[in-house]
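Next comes target18.csv, with CSV, C-alpha atoms.
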chain,number,residue,atom,x,y,z
K,26,MET,CA,0.0,0.0,0.0
K,27,GLY,CA,1.1,3.6,-0.5
K,28,ARG,CA,2.4,5.7,-3.3
K,29,CYS,CA,4.0,4.6,-6.5
K,30,PRO,CA,7.8,4.8,-6.0
K,31,THR,CA,8.3,6.2,-9.4
K,32,ARG,CA,6.1,9.2,-8.9
K,33,LYS,CA,7.9,12.4,-9.9
K,34,VAL,CA,5.4,15.0,-8.9
K,35,LYS,CA,6.4,16.8,-5.7
K,36,LYS,CA,3.8,17.8,-3.1
K,37,ARG,CA,3.0,21.5,-3.3
K,38,ARG,CA,3.9,23.2,-0.1
K,39,LEU,CA,2.0,26.3,0.8
K,40,SER,CA,3.9,29.2,2.2
K,41,HIS,CA,3.2,30.0,5.8
K,42,LYS,CA,4.1,33.6,5.2
K,43,THR,CA,0.9,34.6,3.5
K,44,ALA,CA,-1.2,33.4,6.5
K,45,ARG,CA,1.1,35.2,8.9
K,46,ARG,CA,0.9,38.4,6.9
K,47,ASP,CA,-2.9,38.4,6.9
K,48,LYS,CA,-2.9,37.7,10.7
K,49,PHE,CA,-2.0,41.3,11.5
K,50,GLU,CA,-3.9,44.2,10.2
K,51,VAL,CA,-1.6,46.7,8.6
K,52,LYS,CA,-2.6,50.3,7.7
K,53,GLY,CA,-2.5,51.2,4.0
K,54,ASP,CA,0.2,53.4,2.7
K,55,ASP,CA,-2.2,56.3,2.3
K,56,LEU,CA,-3.2,56.2,5.9
K,57,VAL,CA,0.4,56.0,7.2
K,58,TYR,CA,1.2,59.0,4.9
K,59,THR,CA,-1.6,61.1,6.3
K,60,GLU,CA,-0.6,60.2,9.8
K,61,LEU,CA,3.0,61.3,9.2
K,62,ARG,CA,1.8,64.6,7.7
K,63,LYS,CA,-0.1,65.6,10.9
K,64,PRO,CA,1.4,68.4,13.0
K,65,GLU,CA,3.2,67.2,16.1
K,66,THR,CA,0.6,68.9,18.3
K,67,GLU,CA,-2.1,66.5,17.1
K,68,VAL,CA,0.0,63.3,17.7
K,69,LYS,CA,-1.3,61.5,20.7
K,70,PRO,CA,1.0,59.6,23.1
K,71,LEU,CA,0.8,55.8,22.9
K,72,LYS,CA,-1.6,54.1,25.2
K,73,LEU,CA,-0.7,51.0,27.2
K,74,ASP,CA,-2.2,47.9,25.5
K,75,GLU,CA,-1.5,44.4,26.9
K,76,ASP,CA,-2.3,42.7,23.6
K,77,LEU,CA,0.4,44.5,21.6
K,78,PRO,CA,4.2,43.7,21.9
K,79,GLY,CA,5.9,45.8,24.5
K,80,MET,CA,2.6,47.0,25.9
K,81,GLY,CA,2.2,49.1,22.7
K,82,GLN,CA,5.0,51.6,23.7
K,83,PHE,CA,7.6,50.8,21.0
K,84,TYR,CA,6.1,51.7,17.6
K,85,CYS,CA,7.4,52.5,14.1
K,86,LEU,CA,5.0,54.9,12.5
K,87,HIS,CA,6.5,54.5,9.0
K,88,CYS,CA,6.1,50.7,9.0
K,89,ASP,CA,3.1,50.5,11.3
K,90,ARG,CA,4.8,47.9,13.5
K,91,TYR,CA,5.0,47.4,17.3
K,92,PHE,CA,8.2,46.1,19.0
K,93,SER,CA,8.9,44.3,22.2
K,94,ASN,CA,11.5,46.8,23.5
K,95,ALA,CA,13.5,49.8,22.4
K,96,SER,CA,16.6,47.9,21.3
K,97,VAL,CA,14.6,45.8,18.9
K,98,ARG,CA,12.9,48.9,17.5
K,99,ASP,CA,16.3,50.7,17.2
K,100,ASP,CA,17.7,47.6,15.3
K,101,HIS,CA,14.6,47.9,13.0
K,102,PHE,CA,15.4,51.5,12.2
K,103,LYS,CA,18.7,50.3,10.7
K,104,THR,CA,17.2,47.7,8.4
K,105,LYS,CA,16.9,48.1,4.7
K,106,LYS,CA,13.1,47.6,4.7
K,107,HIS,CA,12.6,50.5,7.2
K,108,LYS,CA,14.9,52.9,5.2
K,109,LYS,CA,13.1,52.0,2.0
K,110,ARG,CA,9.7,52.7,3.7
K,111,VAL,CA,10.9,56.1,5.0
K,112,LYS,CA,12.1,57.1,1.5
K,113,ILE,CA,8.6,56.1,0.1
K,114,MET,CA,6.8,58.1,2.8
K,115,ASN,CA,8.9,61.2,2.3
K,116,GLY,CA,8.3,61.2,-1.4
K,117,PRO,CA,5.0,62.0,-3.2
K,118,ALA,CA,1.7,60.8,-1.8
K,119,PRO,CA,0.9,57.2,-2.4
K,120,HIS,CA,-2.2,56.2,-4.3
K,121,SER,CA,-5.5,56.4,-2.4
K,122,GLN,CA,-8.9,54.9,-2.9
K,123,LEU,CA,-10.0,57.9,-4.9
K,124,ASP,CA,-7.2,57.4,-7.4
K,125,ALA,CA,-8.2,53.8,-7.8
K,126,ASP,CA,-11.8,54.7,-8.4
K,127,LEU,CA,-10.8,57.3,-11.0
K,128,ALA,CA,-8.6,54.9,-12.8
K,129,ALA,CA,-11.3,52.3,-12.9
K,130,GLY,CA,-13.7,54.9,-14.4
K,131,MET,CA,-15.9,55.0,-11.3
K,132,GLY,CA,-15.2,58.5,-10.3
K,133,MET,CA,-16.4,61.9,-11.5
K,134,PRO,CA,-16.5,62.1,-15.3
K,135,ASP,CA,-13.9,64.4,-16.9
K,136,ASN,CA,-15.7,66.0,-19.9
K,137,GLY,CA,-12.9,68.5,-20.7
K,138,PRO,CA,-13.2,72.2,-20.7
K,139,LYS,CA,-16.7,73.6,-20.9
K,140,LEU,CA,-17.7,75.3,-24.2
K,141,MET,CA,-19.4,78.6,-24.2
K,142,ALA,CA,-23.2,78.2,-24.1
K,143,ALA,CA,-23.9,80.9,-26.6
I'd like the structure from this file rewritten - as structure tokens, please.
Amino acid sequence: MGRCPTRKVKKRRLSHKTARRDKFEVKGDDLVYTELRKPETEVKPLKLDEDLPGMGQFYCLHCDRYFSNASVRDDHFKTKKHKKRVKIMNGPAPHSQLDADLAAGMGMPDNGPKLMAA
């Protein structure tokens, strides 16, 4: 009983990374961008939250990630992913839902310049 020993088809293995990525809700680029553009007077201090790593006190605003302590967060600041993310967020505004709607033809119609009525 069992499989044929000459079978050449390998079992397809699913990546565990996609399930892990979907496990945590991450803000979209446009929401992070608007959060970074707020004046510092509107920024609220981080609240204590037992469900988040490090009680929610060690947060990277650019990457929307929480860390267990300050040293891990500081190590994250030196990574290539973080530096790339900072560069993206300091550049032009990322696409928003309005841009997507307009590209799909679901936004306001653009009929060009209005002609004179008379």
Using all atoms listed in the file, find the one residue out of K:Pro119, K:Thr66, K:Ala125, K:Val97 that sits nearest to Pro78 (chain K). K:Val97
Counting all atoms listed in the file, the residue of K:Lys63, K:Tyr91, K:Val51, K:Ala118 that sits nearest Asp76 (chain K):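 That would be K:Tyr91, the residue with the smallest distance to Asp76 (chain K).
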If you count only C-alpha atoms, the residue of K:Leu123, K:Met131, K:Leu56, K:Val68 closest to His87 (chain K) turns out to be K:Leu56
Set the distance at 12 Å and use all atoms listed in the file: which residues neighbour Arg90 (chain K) once local chain neighbours fewer than 6 positions away are removed? I'd like the list as a compact mmCIF listing (two decimals) with C-alpha atoms, in the frame of the given file.
# COMPACT_ATOMS: atom_id res chain seq x y z
CA PHE K 49 -2.00 41.30 11.50
CA GLU K 50 -3.90 44.20 10.20
CA VAL K 51 -1.60 46.70 8.60
CA LYS K 52 -2.60 50.30 7.70
CA VAL K 57 0.40 56.00 7.20
CA LEU K 77 0.40 44.50 21.60
CA PRO K 78 4.20 43.70 21.90
CA GLY K 79 5.90 45.80 24.50
CA GLY K 81 2.20 49.10 22.70
CA GLN K 82 5.00 51.60 23.70
CA PHE K 83 7.60 50.80 21.00
CA TYR K 84 6.10 51.70 17.60
CA VAL K 97 14.60 45.80 18.90
CA ARG K 98 12.90 48.90 17.50
CA HIS K 101 14.60 47.90 13.00
CA PHE K 102 15.40 51.50 12.20
CA HIS K 107 12.60 50.50 7.20
CA ARG K 110 9.70 52.70 3.70
For CA of Lys69 (chain K) and CA of Asn115 (chain K), determine how far apart the two atoms are, in Å to one decimal place.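 Going from CA of Lys69 (chain K) over to CA of Asn115 (chain K) covers 21.0 Å.
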Using only C-alpha atoms for the distances, tell me which of K:Val111, K:Ser121, K:Gly116, K:Gly130 is nearest to Asp89 (chain K).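 That would be K:Val111, the residue with the smallest distance to Asp89 (chain K).
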Can you work out which one of K:Ser93, K:Pro138, K:Cys88, K:Asp55 has the shortest atom-to-atom distance to Lys105 (chain K), counting all atoms listed in the file?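 Residue with the minimum atom-to-atom distance to Lys105 (chain K): K:Cys88.
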CA of Lys109 (chain K) to CA of Leu71 (chain K), straight-line distance in Å: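 Going from CA of Leu71 (chain K) over to CA of Lys109 (chain K) covers 24.5 Å.
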